[in-house]
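J.: Provided herewith is a single structure, encoded as structure tokens, for subsequent inquiry.
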Amino acid sequence: MKILRNLVLTLLCLVPMTVLAQTESVKWNHSVTEKGDGLYTVQFKAEIEDGWHIYVNDPAKAFNPTELKFETGEGVAAEGELRALSTGHYAVDELLGMEIGQYDKEAIFEQDFKLTGEGGQVKASISYQACNVGSCLSPTTDEFTIALGEVATPKEEIKAVKDAAGAGSLWSLIIEAILWGFAALL
């Protein structure tokens, strides 16, 4: 029983360390440029902390690809394809046996939208996973709404919506599950 108590106390001491180790490794911003004739270009920029990376948006070249999805409101239509303006860094991953692409310092994407009325909104969600050399954070989805045809605030910072697994890494999830298991035994 003494061993179990010491193990639980040790694990309880480790949990705050894993929570403190979590950083906001990726910050997303967006800006809107009016091109004329009801055409707008929305640019999405990820500022990636040193030592961290996110995967490219090509599913064939990424373990967990960065994905941008758009839901256009009434009076707005997407024009053309999403453009990746940043060049990813590619290397062969020996463990996975495939070429993996990643963005290291920043990632920039652009999408055009056409207004079919006076104005409208675009709901955008960006799903990505941030990793460093030793670990990966839980996949994250950032969601925001962009107003077109009205004055849009450039480079508005986006707040992250964490997955159901929580705000931590996979290790913090495992440790939390072990602690809840021990709590159930008591």
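Residues are referred to by chain and number: the chain letter is A, B, ... according to the order shown in the structure tokens, the number counts from 1 in that chain, and ligands are numbered separately from 1 in the order shown.
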Name the residues in contact with Ser25 (chain A) at a cut-off of 12 Å, using only C-alpha atoms, excluding same-chain residues fewer than 2 positions from it; report them as an NGL selection string.

T.: :A and (21-23 or 27-28 or 46-54 or 104-106 or 128-132 or 136-138 or 140 or 160)

J.: Selection from above, N, CA and C atoms, as a CSV table (one decimal), in the first residue's frame, can you write it?

T.:
chain,number,residue,atom,x,y,z
A,21,ALA,N,4.8,22.5,-19.2
A,21,ALA,CA,5.6,22.4,-20.3
A,21,ALA,C,4.9,22.7,-21.6
A,22,GLN,N,3.5,22.8,-21.6
A,22,GLN,CA,2.7,23.1,-22.8
A,22,GLN,C,2.9,24.6,-23.1
A,23,THR,N,3.2,24.8,-24.4
A,23,THR,CA,3.3,26.2,-24.8
A,23,THR,C,2.4,26.5,-26.0
A,27,LYS,N,0.7,30.3,-33.5
A,27,LYS,CA,-0.3,31.4,-33.4
A,27,LYS,C,-0.8,31.7,-34.9
A,28,TRP,N,-2.1,31.7,-35.1
A,28,TRP,CA,-2.7,31.9,-36.4
A,28,TRP,C,-3.2,33.3,-36.4
A,46,ALA,N,0.5,31.3,-40.0
A,46,ALA,CA,0.8,30.6,-38.8
A,46,ALA,C,2.3,31.1,-38.4
A,47,GLU,N,2.4,31.6,-37.2
A,47,GLU,CA,3.7,31.9,-36.7
A,47,GLU,C,4.1,30.8,-35.7
A,48,ILE,N,5.2,30.1,-36.1
A,48,ILE,CA,5.5,28.9,-35.4
A,48,ILE,C,6.8,29.1,-34.5
A,49,GLU,N,6.6,28.8,-33.3
A,49,GLU,CA,7.7,29.0,-32.3
A,49,GLU,C,9.0,28.2,-32.7
A,50,ASP,N,10.1,28.7,-32.4
A,50,ASP,CA,11.4,28.0,-32.7
A,50,ASP,C,11.4,26.6,-32.1
A,51,GLY,N,11.9,25.7,-32.8
A,51,GLY,CA,12.0,24.3,-32.4
A,51,GLY,C,10.7,23.5,-32.7
A,52,TRP,N,9.6,24.1,-33.1
A,52,TRP,CA,8.4,23.5,-33.4
A,52,TRP,C,8.1,23.5,-34.9
A,53,HIS,N,7.2,22.6,-35.3
A,53,HIS,CA,6.8,22.6,-36.7
A,53,HIS,C,5.3,22.1,-36.8
A,54,ILE,N,4.7,22.4,-38.0
A,54,ILE,CA,3.4,21.8,-38.3
A,54,ILE,C,3.6,21.1,-39.6
A,104,ASP,N,8.4,25.1,-40.7
A,104,ASP,CA,9.2,25.3,-39.5
A,104,ASP,C,9.0,26.7,-38.8
A,105,LYS,N,9.0,27.8,-39.5
A,105,LYS,CA,9.0,29.1,-38.9
A,105,LYS,C,7.6,29.7,-39.1
A,106,GLU,N,7.0,29.6,-40.3
A,106,GLU,CA,5.7,30.1,-40.6
A,106,GLU,C,5.1,29.3,-41.7
A,128,TYR,N,-4.5,21.4,-37.3
A,128,TYR,CA,-3.1,21.1,-37.4
A,128,TYR,C,-2.6,20.4,-36.2
A,129,GLN,N,-1.3,19.9,-36.3
A,129,GLN,CA,-0.7,19.3,-35.1
A,129,GLN,C,0.7,19.9,-35.0
A,130,ALA,N,1.1,20.4,-33.9
A,130,ALA,CA,2.4,21.0,-33.7
A,130,ALA,C,3.3,20.0,-33.0
A,131,CYS,N,4.5,19.8,-33.5
A,131,CYS,CA,5.5,18.9,-33.0
A,131,CYS,C,6.8,19.5,-32.8
A,132,ASN,N,7.6,19.0,-31.9
A,132,ASN,CA,9.0,19.3,-31.9
A,132,ASN,C,9.8,18.0,-32.0
A,136,CYS,N,4.8,15.5,-29.8
A,136,CYS,CA,3.7,16.3,-30.5
A,136,CYS,C,2.6,16.7,-29.5
A,137,LEU,N,2.1,17.8,-29.7
A,137,LEU,CA,0.9,18.2,-29.0
A,137,LEU,C,-0.3,17.6,-29.6
A,138,SER,N,-1.4,17.6,-28.8
A,138,SER,CA,-2.7,17.1,-29.4
A,138,SER,C,-3.1,17.9,-30.6
A,140,THR,N,-5.0,20.3,-32.9
A,140,THR,CA,-5.8,21.5,-32.5
A,140,THR,C,-6.6,22.0,-33.7
A,160,ALA,N,-7.6,29.2,-29.9
A,160,ALA,CA,-7.6,27.7,-30.2
A,160,ALA,C,-8.7,27.0,-29.5

J.: In region 30-178 of chain A, what's alpha helix (DSSP H) per DSSP? Answer as a list in words?

T.: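 Answer for region 30-178 of chain A restricted to alpha helix (DSSP H) is Leu170, Trp171, Ser172, Leu173, Ile174, Ile175, Glu176, Ala177 and Ile178 of chain A.
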
J.: Would you pick out the contacts of Ile146 (chain A) at 8 Å or less, using only C-alpha atoms, so that residues sharing its chain but fewer than 6 positions from it are not included, and give the list as a PDB file with N, CA and C atoms, in the first residue's frame?

T.:
ATOM      1  N   GLN A 121     -20.202  36.452 -44.668  1.00  0.00           N
ATOM      2  CA  GLN A 121     -19.207  35.911 -43.746  1.00  0.00           C
ATOM      3  C   GLN A 121     -18.697  34.566 -44.225  1.00  0.00           C
ATOM      4  N   VAL A 122     -17.461  34.292 -43.833  1.00  0.00           N
ATOM      5  CA  VAL A 122     -16.845  32.997 -44.078  1.00  0.00           C
ATOM      6  C   VAL A 122     -16.420  32.445 -42.722  1.00  0.00           C
ATOM      7  N   LYS A 123     -16.865  31.235 -42.416  1.00  0.00           N
ATOM      8  CA  LYS A 123     -16.402  30.555 -41.213  1.00  0.00           C
ATOM      9  C   LYS A 123     -15.259  29.645 -41.638  1.00  0.00           C
ATOM     10  N   ALA A 124     -14.123  29.833 -40.998  1.00  0.00           N
ATOM     11  CA  ALA A 124     -12.931  29.053 -41.346  1.00  0.00           C
ATOM     12  C   ALA A 124     -12.485  28.237 -40.144  1.00  0.00           C
ATOM     13  N   ALA A 152     -12.953  44.664 -42.154  1.00  0.00           N
ATOM     14  CA  ALA A 152     -12.434  43.490 -41.452  1.00  0.00           C
ATOM     15  C   ALA A 152     -11.197  43.894 -40.676  1.00  0.00           C
TER      16      ALA A 152
END

J.: From the options A:Glu118, A:Asp93, A:Asp58, A:Glu24, which residue's atoms come nearest to Gly75 (chain A), counting only C-alpha atoms?

T.: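 Looking at the shortest contact to Gly75 (chain A), the residue is A:Glu118.
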
J.: Give me the residues near Gly36 (chain A) as a short mmCIF file (atom, residue, chain, number, x, y, z; two decimals) with N, CA, C and O atoms, in the first residue's frame, where near means some atom within 12 Å (using only C-alpha atoms) and where sequence neighbours in that chain fewer than 4 positions away do not count.

T.:
data_model
loop_
_atom_site.label_atom_id
_atom_site.label_comp_id
_atom_site.auth_asym_id
_atom_site.auth_seq_id
_atom_site.Cartn_x
_atom_site.Cartn_y
_atom_site.Cartn_z
N TYR A 40 -12.29 39.08 -52.88
CA TYR A 40 -11.47 39.27 -51.68
C TYR A 40 -10.48 38.12 -51.56
O TYR A 40 -10.81 36.98 -51.87
N THR A 41 -9.29 38.43 -51.08
CA THR A 41 -8.30 37.41 -50.77
C THR A 41 -8.10 37.40 -49.26
O THR A 41 -7.83 38.43 -48.66
N ASP A 112 -9.29 32.84 -52.20
CA ASP A 112 -10.11 33.92 -52.75
C ASP A 112 -11.58 33.62 -52.51
O ASP A 112 -12.01 32.46 -52.57
N PHE A 113 -12.34 34.69 -52.27
CA PHE A 113 -13.79 34.60 -52.10
C PHE A 113 -14.45 35.69 -52.93
O PHE A 113 -13.92 36.80 -53.03
N LYS A 114 -15.59 35.39 -53.49
CA LYS A 114 -16.33 36.33 -54.33
C LYS A 114 -17.66 36.63 -53.64
O LYS A 114 -18.37 35.71 -53.23
N LEU A 115 -17.96 37.92 -53.52
CA LEU A 115 -19.24 38.33 -52.97
C LEU A 115 -20.29 38.28 -54.07
O LEU A 115 -20.07 38.81 -55.16
N GLY A 149 -16.93 42.42 -47.26
CA GLY A 149 -17.85 43.47 -47.67
C GLY A 149 -18.05 44.50 -46.58
O GLY A 149 -18.75 45.46 -46.73
#
